[in-house]
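Colleague: Quick one: the structure is below, questions incoming.
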There are 2 protein chains.
Amino acid sequence: MPLRSMTDHAGAWLRGAGPHSEIVISCRLRLARNLAGYPFVGRATRSQHDDVLSRCRRQVMECEALGRQILWVDLAECPEVDCQLLVERHLISRQHASAGALPRAVAVASDETFSIMVNEEDHLRIQVLRSGAQFDEAFRQVNAIDDALESELEYAFSSKLGYLTACPTNVGTGIRVSVMLHLPALRLTGEIEKVRRAARDMHLAVRGLFGEGSDAHGDLYQISNQTTLGRGEHEILSDFQHTVVPHIIDYEQQARKALVQHRLVQLDDKIWRAWATLTHARVLGTEEVLGLLSHLRLGVNLARIDKVDIRTLNELFLLMQPAHLQKVSGRPMEAAERREARARLIRERLLRPAKPSEGS
Amino acid sequence: MPLRSMTDHAGAWLRGAGPHSEIVISCRLRLARNLAGYPFVGRATRSQHDDVLSRCRRQVMECEALGRQILWVDLAECPEVDCQLLVERHLISRQHASAGALPRAVAVASDETFSIMVNEEDHLRIQVLRSGAQFDEAFRQVNAIDDALESELEYAFSSKLGYLTACPTNVGTGIRVSVMLHLPALRLTGEIEKVRRAARDMHLAVRGLFGEGSDAHGDLYQISNQTTLGRGEHEILSDFQHTVVPHIIDYEQQARKALVQHRLVQLDDKIWRAWATLTHARVLGTEEVLGLLSHLRLGVNLARIDKVDIRTLNELFLLMQPAHLQKVSGRPMEAAERREARARLIRERLLRPAKPSEGS
C-alpha cells in the first residue's frame with residue numbers, strides 16, 4: 001500500500017522552514033482548470049467523467065516536466081481510511097474524499113509539494129503547498145505544472161472571462177492563494193476577531209484547519225482570496241504576499257510581545273501545562289491535542305521551552321489524526337482506541353531524543 | 001507570631017495514618033457545652049460574654065489534665081488572615097472566624113489533635129481530631145477533656161433532656177461525630193449520589209470540605225450525625241463507627257476495584273494528568289488543585305503512581321490554601337499572586353525527594 005509510507009512523517013510543506021515559519025505554517029496556490037469540450041463535473045455523464053479522468057491521467061503520468069515520482073490514487077476505489085488520510089494531509093478536499101462512486105482521482109508528488117485533483121468541482125485542481133511564506137516558489141511551480149498540462153490538454157477558456165470554472169468565484173485566473181497561519185497570541189489576547197473582521201472587509205475568507213466550515217482548532221487559520229474574476233494573478237498574489245500576510249504576521253508578533261511583557265506567567269502556565277499533559281495523558285482527543293500543540297508551538301517559538309523542535313510539533317499536528325493513527329496500526333480503530341493510540345504516539349514522539357540533523 | 005509555625009506542616013490528624021486512612025482522612029468528635037447561670041451566646045450581653053470567656057480561659061489554661069502545650073487565641077483581636085488560617089486547619093468554624101468583635105477564643109493543642117472554641121454557638125465546643133478512623137481514641141480524649149473542664153465549670157444540664165445547647169439538634173449528649181472521607185471512585189463512577197441519598201435516609205449530614213454549605217471539592221466529604229436528642233453517645237458513636245463508615249468504605253473500595261478492572265486507562269489518564277499539571281503549572285486555583293490532588297491521592301492509594309506519598313498529599317490539601325500561602329510569605333497577597341505562589345509551593349513539594357522517615 002503506497003499510502004502507508006506517508007504515515008511516519010509529514011510532507012515537505014510541514015518542515016517548519018521558509019520565511020516567517022514561526023507564524024506561517026504553509027502557503028498554498030491552487031489553480032482551477034477545466035477541459036474544453038466537456039461539461040463541468042457536476043453536469044457530466046459517467047462516460048464523460050471517465051473520459052476526463054483517463055485523459056488527465058495520461059497527461060499527468062506521462063508528463064516529464066512533472067517529475068517521475070508521482071502517486072496516482074483512484075479515489076472511487078480507494079478505502080475510506082486512505083481517502084481520509086489524503087484529507088488529513090491536505091492533499092485532497094473533504095468533498096473530493098466523499099464523492100462516492102464518482103470517477104475521480106488525485107495525483108500526488110512523492111514529496112507532497114503538489115497534488116492534482118481530477119473531477120473535483122472542476123476537472124483539474126492543481127495545488128502547490130510550501131512550508132512557510134514561499135509564495136514565489138509556489139507560484140513558479142504551479143505555473144510550471146499548469147503549462148506542462150496545458151501543452152497537451154485544451155483548457156476551457158474565454159478571452160473575455162479567462163479560465164472557465166464550475167463556480168463563478170473561480171472564473172478568471174482560477175487562482176486561489178491561501179496561507180495557513182498559526183495565531184495563538186491573537187487568540188489568547190482576544191484580538192483574533194479584529195483580524196477576522198478586517199479580512200472580511202478585504203474580501204478574504206478566514207477558515208479553520210480543514211477549510212470551509214471547519215473550526216480553527218489549534219489556533220490554525222487558513223486565509224485565502226475569495227474571488228478571482230477581473231484581477232490578474234500577479235495582482236492577487238502580490239496583494240496577498242506583500243500586504244495581507246505581512247500585516248497579520250506583524251499583528252501576531254505584537255500580540256506575542258504583549259504576552260511576554262505583560263502576561264508571562266500566564267503564558268508559561270499554558271506552555272508548561274501543554275507540555276505536561278501531552279507527555280503524561282493516557283487518553284487524548286483530537287481537539288484537545290490541537291489546542292495543546294498550539295500552546296507548545298508558541299512556547300518553542302518564543303523560546304520559553306526547549307524540549308521539542310518545531311518540525312516535530314508540525315508533524316504531530318498531522319500524525320495524530322484518526323486516519324494516520326489507523327494506517328500506522330494497520331487496522332480500523334474505534335474512537336476510544338484511537339484516543340489511547342494518540343496519547344501513546346505523542347508521548348513517544350515528544351519524549352524521544354531529537355535527531356540533531358532534523359532540528360529546526 | 002505563634003500561628004506562623006503551623007504553616008510548614010499539617011496537624012497530626014492529617015498524618016495519613018490510622019485505620020482505613022486510604023479513605024478516611026480523619027474523624028472528629030465534638031461536644032457542645034454551656035455554662036450554667038449564663039444565657040446562650042446569642043442572647044448574652046457583652047459582659048456575660050467576657051465573663052464566660054475569662055472563666056473558660058482560666059479553666060482551660062490551668063487544667064493540668066489538658067497538657068501544658070495549649071495555644072490560646074483571642075479571636076476578636078486576631079488578624080483576619082490568622083482566623084482564616086485556623087479555619088483552613090479545621091480548628092475553628094467559619095462562623096467563629098467571622099463573628100467580628102464578639103469576645104471569643106479558641107484553645108488549640110500544639111499537635112492540633114484538639115481545639116476548644118469558646119463563645120461560638122455554644123459557650124464551649126470541644127473537638128478532637130484524629131487521623132484515619134480512630135474513633136475510640138478520639139472518644140476517650142474528648143471525654144477526658146470534658147471531664148477535666150466539668151470538674152471546675154458547672155454545665156447547663158437537664159436531667160430530662162441532657163446537656164442544654166443553643167441549637168435543639170445538639171441537645172442531649174451534645175455530641176457530633178463526623179468523618180472526612182475521600183471518595184473519588186464513587187464520584188468518578190457517579191455513585192456518590194446514592195451515598196448522599198442513603199445518608200439522608202439515615203439522618204446523616206453530607207457536607208463538603210468546610211462543613212455546612214461548602215462544596216465537596218477534592219472529592220472530600222464530611223459525614224456527620226444530625227441530631228443527638230434521645231440517643232446515648234455510645235449508641236451514636238457505635239452506629240457511626242461500626243455501621244455507617246464501614247458501609248461507605250466498602251462501597252468506595254468496590255468502586256475503586258471496578259475502576260481498576262474496567263476503566264484502567266481512563267483512571268491512569270486522570271492520575272497522570274493530575275501529576276503532570278501539579279508539577280508543571282505556573283498558576284493554580286484552589287478548586288482545581290483540590291480536584292487534581294484527589295486524583296493523585298487515588299492513584300497513590302491504588303499503587304498506580306509512586307512519585308509521592310500520602311502524607312505529602314494530605315499536607316498539600318492544607319498548605320495550598322489562601323491563608324496558609326499568605327502566612328508563609330509573611331504578607332497579604334492578591335488572588336492572582338496566590339495562584340502563582342500555590343503553583344510554586346506544590347511544584348516544590350511534589351518534586352523534592354521524599355524524606356524516608358516521613359513516608360506513609
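Simple scheme: letters A, B, ... for chains in C-alpha cells order, numbers from 1 for residues in each chain, numbers from 1 for ligands in the order shown.
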Please report as a list of chain:residue names which residues of chain A come no farther than 9 Å from chain B, using only C-alpha atoms.
Modeller: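 The selection requested is A:Val265, A:Gln266, A:Leu267, A:Asp268, A:Asp269, A:Lys270, A:Ile271, A:Trp272, A:Arg273, A:Ala274, A:Trp275, A:Ala276, A:Thr277, A:Leu278, A:Thr279, A:His280, A:Ala281, A:Arg282, A:Val283, A:Leu284, A:Glu340.
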Colleague: Would you save the residues of that selection, restricted to N, CA, C and O atoms, as a PDB file, in the first residue's frame?
Modeller:
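File selection.pdb, as written:
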ATOM      1  N   VAL A 265       3.660  34.968  33.120  1.00  0.00           N
ATOM      2  CA  VAL A 265       3.365  33.808  33.967  1.00  0.00           C
ATOM      3  C   VAL A 265       2.200  33.004  33.398  1.00  0.00           C
ATOM      4  O   VAL A 265       2.242  31.773  33.333  1.00  0.00           O
ATOM      5  N   GLN A 266       1.159  33.722  32.953  1.00  0.00           N
ATOM      6  CA  GLN A 266       0.002  33.039  32.370  1.00  0.00           C
ATOM      7  C   GLN A 266       0.406  32.305  31.091  1.00  0.00           C
ATOM      8  O   GLN A 266      -0.086  31.213  30.800  1.00  0.00           O
ATOM      9  N   LEU A 267       1.301  32.931  30.333  1.00  0.00           N
ATOM     10  CA  LEU A 267       1.791  32.315  29.102  1.00  0.00           C
ATOM     11  C   LEU A 267       2.574  31.040  29.427  1.00  0.00           C
ATOM     12  O   LEU A 267       2.319  29.971  28.856  1.00  0.00           O
ATOM     13  N   ASP A 268       3.537  31.154  30.345  1.00  0.00           N
ATOM     14  CA  ASP A 268       4.318  29.982  30.737  1.00  0.00           C
ATOM     15  C   ASP A 268       3.413  28.884  31.291  1.00  0.00           C
ATOM     16  O   ASP A 268       3.649  27.697  31.071  1.00  0.00           O
ATOM     17  N   ASP A 269       2.393  29.309  32.015  1.00  0.00           N
ATOM     18  CA  ASP A 269       1.456  28.333  32.560  1.00  0.00           C
ATOM     19  C   ASP A 269       0.835  27.505  31.434  1.00  0.00           C
ATOM     20  O   ASP A 269       0.797  26.279  31.500  1.00  0.00           O
ATOM     21  N   LYS A 270       0.366  28.181  30.400  1.00  0.00           N
ATOM     22  CA  LYS A 270      -0.257  27.460  29.284  1.00  0.00           C
ATOM     23  C   LYS A 270       0.749  26.548  28.585  1.00  0.00           C
ATOM     24  O   LYS A 270       0.431  25.422  28.212  1.00  0.00           O
ATOM     25  N   ILE A 271       1.967  27.054  28.407  1.00  0.00           N
ATOM     26  CA  ILE A 271       3.002  26.288  27.704  1.00  0.00           C
ATOM     27  C   ILE A 271       3.369  25.031  28.487  1.00  0.00           C
ATOM     28  O   ILE A 271       3.401  23.926  27.950  1.00  0.00           O
ATOM     29  N   TRP A 272       3.618  25.202  29.782  1.00  0.00           N
ATOM     30  CA  TRP A 272       4.047  24.058  30.593  1.00  0.00           C
ATOM     31  C   TRP A 272       2.919  23.072  30.845  1.00  0.00           C
ATOM     32  O   TRP A 272       3.134  21.862  30.932  1.00  0.00           O
ATOM     33  N   ARG A 273       1.690  23.588  30.966  1.00  0.00           N
ATOM     34  CA  ARG A 273       0.561  22.662  31.080  1.00  0.00           C
ATOM     35  C   ARG A 273       0.423  21.834  29.808  1.00  0.00           C
ATOM     36  O   ARG A 273       0.120  20.643  29.846  1.00  0.00           O
ATOM     37  N   ALA A 274       0.632  22.480  28.662  1.00  0.00           N
ATOM     38  CA  ALA A 274       0.514  21.759  27.392  1.00  0.00           C
ATOM     39  C   ALA A 274       1.565  20.661  27.325  1.00  0.00           C
ATOM     40  O   ALA A 274       1.266  19.500  27.022  1.00  0.00           O
ATOM     41  N   TRP A 275       2.799  21.012  27.632  1.00  0.00           N
ATOM     42  CA  TRP A 275       3.873  20.027  27.632  1.00  0.00           C
ATOM     43  C   TRP A 275       3.550  18.876  28.598  1.00  0.00           C
ATOM     44  O   TRP A 275       3.680  17.698  28.258  1.00  0.00           O
ATOM     45  N   ALA A 276       3.107  19.249  29.808  1.00  0.00           N
ATOM     46  CA  ALA A 276       2.828  18.252  30.843  1.00  0.00           C
ATOM     47  C   ALA A 276       1.729  17.293  30.394  1.00  0.00           C
ATOM     48  O   ALA A 276       1.877  16.069  30.497  1.00  0.00           O
ATOM     49  N   THR A 277       0.648  17.838  29.881  1.00  0.00           N
ATOM     50  CA  THR A 277      -0.473  16.981  29.502  1.00  0.00           C
ATOM     51  C   THR A 277      -0.110  16.097  28.306  1.00  0.00           C
ATOM     52  O   THR A 277      -0.400  14.898  28.289  1.00  0.00           O
ATOM     53  N   LEU A 278       0.547  16.683  27.318  1.00  0.00           N
ATOM     54  CA  LEU A 278       0.900  15.898  26.130  1.00  0.00           C
ATOM     55  C   LEU A 278       1.869  14.762  26.468  1.00  0.00           C
ATOM     56  O   LEU A 278       1.853  13.721  25.823  1.00  0.00           O
ATOM     57  N   THR A 279       2.716  14.960  27.472  1.00  0.00           N
ATOM     58  CA  THR A 279       3.698  13.918  27.799  1.00  0.00           C
ATOM     59  C   THR A 279       3.216  12.969  28.901  1.00  0.00           C
ATOM     60  O   THR A 279       3.929  12.027  29.253  1.00  0.00           O
ATOM     61  N   HIS A 280       2.024  13.208  29.459  1.00  0.00           N
ATOM     62  CA  HIS A 280       1.562  12.345  30.549  1.00  0.00           C
ATOM     63  C   HIS A 280       0.188  11.722  30.326  1.00  0.00           C
ATOM     64  O   HIS A 280      -0.112  10.686  30.915  1.00  0.00           O
ATOM     65  N   ALA A 281      -0.663  12.361  29.528  1.00  0.00           N
ATOM     66  CA  ALA A 281      -2.029  11.852  29.378  1.00  0.00           C
ATOM     67  C   ALA A 281      -2.016  10.461  28.766  1.00  0.00           C
ATOM     68  O   ALA A 281      -1.115  10.105  28.007  1.00  0.00           O
ATOM     69  N   ARG A 282      -3.002   9.687  29.112  1.00  0.00           N
ATOM     70  CA  ARG A 282      -3.168   8.328  28.558  1.00  0.00           C
ATOM     71  C   ARG A 282      -4.293   8.278  27.539  1.00  0.00           C
ATOM     72  O   ARG A 282      -4.465   7.279  26.839  1.00  0.00           O
ATOM     73  N   VAL A 283      -5.078   9.315  27.459  1.00  0.00           N
ATOM     74  CA  VAL A 283      -6.222   9.390  26.559  1.00  0.00           C
ATOM     75  C   VAL A 283      -6.263  10.814  26.019  1.00  0.00           C
ATOM     76  O   VAL A 283      -6.319  11.759  26.802  1.00  0.00           O
ATOM     77  N   LEU A 284      -6.214  10.961  24.692  1.00  0.00           N
ATOM     78  CA  LEU A 284      -6.210  12.318  24.133  1.00  0.00           C
ATOM     79  C   LEU A 284      -7.103  12.391  22.895  1.00  0.00           C
ATOM     80  O   LEU A 284      -6.950  11.582  21.967  1.00  0.00           O
ATOM     81  N   GLU A 340      -6.366   6.453  22.869  1.00  0.00           N
ATOM     82  CA  GLU A 340      -5.215   5.859  23.564  1.00  0.00           C
ATOM     83  C   GLU A 340      -3.985   5.835  22.676  1.00  0.00           C
ATOM     84  O   GLU A 340      -2.877   6.166  23.110  1.00  0.00           O
TER      85      GLU A 340
END
Colleague: Skip range 74-85 of chain A itself and residues of its chain fewer than 6 positions away, then list as JSON, numbers by chain all residues within 7 Å of it, counting only C-alpha atoms.
Modeller: {"A": [97, 100, 101, 102, 103, 104, 105, 106, 323, 324]}
Colleague: Pick out the residues sitting within 12 Å of Ser47 in chain A, and hand them over as a count of residues only; count only C-alpha atoms, and ignore anything fewer than 5 positions along from it in its own chain.
Modeller: 8
Colleague: What does the distance between CA of Lys194 in chain A and CA of Val244 in chain A come to in Å, to one decimal place?
Modeller: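 Value for the CA of Lys194 in chain A-CA of Val244 in chain A distance: 13.7 Å.
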Colleague: Which residues are near Pro184 in chain A? Cut-off 10 Å, only C-alpha atoms, ignore same chain within fewer than 2 positions. Put them as a list in words.
Modeller: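 Surrounding residues, per the criterion: Ile23, Leu181, His182, Leu186, Arg187, Leu188, Thr189, Gly190, Ile192, Gly218, Asp219, Leu220, Tyr221, Glu252, Ala255, Arg256, Gly291, Ser294, His295, Arg297 and Leu298 of chain A.
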Colleague: Give me a file of those residues, with N, CA, C and O atoms, as a short mmCIF file (atom, residue, chain, number, x, y, z; two decimals), in the first residue's frame.
Modeller:
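Listing of again_27.cif after writing:
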data_model
loop_
_atom_site.label_atom_id
_atom_site.label_comp_id
_atom_site.auth_asym_id
_atom_site.auth_seq_id
_atom_site.Cartn_x
_atom_site.Cartn_y
_atom_site.Cartn_z
N ILE A 23 5.11 31.71 12.19
CA ILE A 23 3.68 32.05 12.13
C ILE A 23 3.02 31.44 10.89
O ILE A 23 1.91 30.91 10.96
N LEU A 181 -2.00 30.00 8.91
CA LEU A 181 -1.28 30.80 9.90
C LEU A 181 -1.53 30.24 11.31
O LEU A 181 -2.64 29.81 11.62
N HIS A 182 -0.50 30.29 12.10
CA HIS A 182 -0.64 29.91 13.50
C HIS A 182 -0.71 31.19 14.31
O HIS A 182 0.28 31.91 14.43
N LEU A 186 -2.89 36.05 19.06
CA LEU A 186 -4.08 36.85 18.74
C LEU A 186 -5.33 36.21 19.34
O LEU A 186 -6.26 36.90 19.75
N ARG A 187 -5.33 34.89 19.43
CA ARG A 187 -6.48 34.24 20.05
C ARG A 187 -6.44 34.44 21.56
O ARG A 187 -7.44 34.77 22.19
N LEU A 188 -5.28 34.29 22.17
CA LEU A 188 -5.17 34.46 23.62
C LEU A 188 -5.51 35.88 24.07
O LEU A 188 -6.09 36.09 25.13
N THR A 189 -5.13 36.87 23.26
CA THR A 189 -5.44 38.26 23.63
C THR A 189 -6.83 38.67 23.17
O THR A 189 -7.26 39.78 23.46
N GLY A 190 -7.51 37.79 22.46
CA GLY A 190 -8.87 38.10 22.01
C GLY A 190 -8.92 38.97 20.76
O GLY A 190 -10.00 39.34 20.30
N ILE A 192 -8.16 38.18 17.76
CA ILE A 192 -8.38 37.43 16.53
C ILE A 192 -9.66 37.88 15.82
O ILE A 192 -9.75 37.87 14.59
N GLY A 218 -6.51 24.48 17.34
CA GLY A 218 -5.06 24.63 17.30
C GLY A 218 -4.65 26.03 16.89
O GLY A 218 -3.49 26.24 16.54
N ASP A 219 -5.58 26.96 16.92
CA ASP A 219 -5.29 28.34 16.52
C ASP A 219 -4.70 28.41 15.12
O ASP A 219 -3.89 29.28 14.81
N LEU A 220 -5.10 27.48 14.27
CA LEU A 220 -4.63 27.46 12.88
C LEU A 220 -5.72 28.05 12.00
O LEU A 220 -6.87 27.60 12.03
N TYR A 221 -5.35 29.06 11.24
CA TYR A 221 -6.33 29.76 10.40
C TYR A 221 -5.86 29.72 8.95
O TYR A 221 -4.70 30.03 8.66
N GLU A 252 0.27 39.50 14.86
CA GLU A 252 0.51 38.35 15.74
C GLU A 252 1.80 38.57 16.55
O GLU A 252 1.85 38.28 17.74
N ALA A 255 1.17 40.86 19.35
CA ALA A 255 0.41 40.17 20.40
C ALA A 255 1.34 39.26 21.21
O ALA A 255 1.22 39.16 22.43
N ARG A 256 2.28 38.61 20.51
CA ARG A 256 3.22 37.74 21.23
C ARG A 256 4.10 38.56 22.19
O ARG A 256 4.32 38.18 23.33
N GLY A 291 -5.24 22.09 20.55
CA GLY A 291 -5.08 23.23 21.45
C GLY A 291 -3.75 23.17 22.20
O GLY A 291 -3.05 24.18 22.34
N SER A 294 -0.77 23.79 19.95
CA SER A 294 -0.70 25.21 19.64
C SER A 294 0.06 25.98 20.72
O SER A 294 0.96 26.77 20.44
N HIS A 295 -0.29 25.73 21.98
CA HIS A 295 0.40 26.42 23.07
C HIS A 295 1.87 26.04 23.13
O HIS A 295 2.74 26.87 23.37
N ARG A 297 3.73 24.99 20.62
CA ARG A 297 4.41 25.59 19.46
C ARG A 297 4.73 27.07 19.74
O ARG A 297 5.83 27.54 19.44
N LEU A 298 3.78 27.76 20.34
CA LEU A 298 4.03 29.15 20.72
C LEU A 298 5.20 29.23 21.69
O LEU A 298 6.08 30.09 21.57
#
Colleague: How far is it from CA of Ile70 in chain A to CA of Gly16 in chain A, in Å with one decimal?
Modeller: 23.3 Å
Colleague: Skipping near chain neighbours, those fewer than 5 positions away, what residues fall within 12 Å of Asp136 in chain B using only C-alpha atoms, listed as JSON, numbers by chain?
Modeller: {"B": [18, 19, 27, 28, 29, 128, 129, 130, 141, 142, 143, 177, 234, 237, 238, 240, 241, 242]}
Colleague: If you run DSSP on this backbone, which residues of range 105-328 of chain B come out as strand (DSSP E), and could you give them as number ranges by chain?
Modeller: B: 105-109, 114-118, 124-131, 157-158, 162-163, 175-182, 204-207, 220-225
Colleague: Could you check how far CA of Arg338 in chain B sits from CA of Leu3 in chain B, in Å to one decimal?
Modeller: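 So the two atoms, CA of Arg338 in chain B and CA of Leu3 in chain B, lie 19.3 Å apart.
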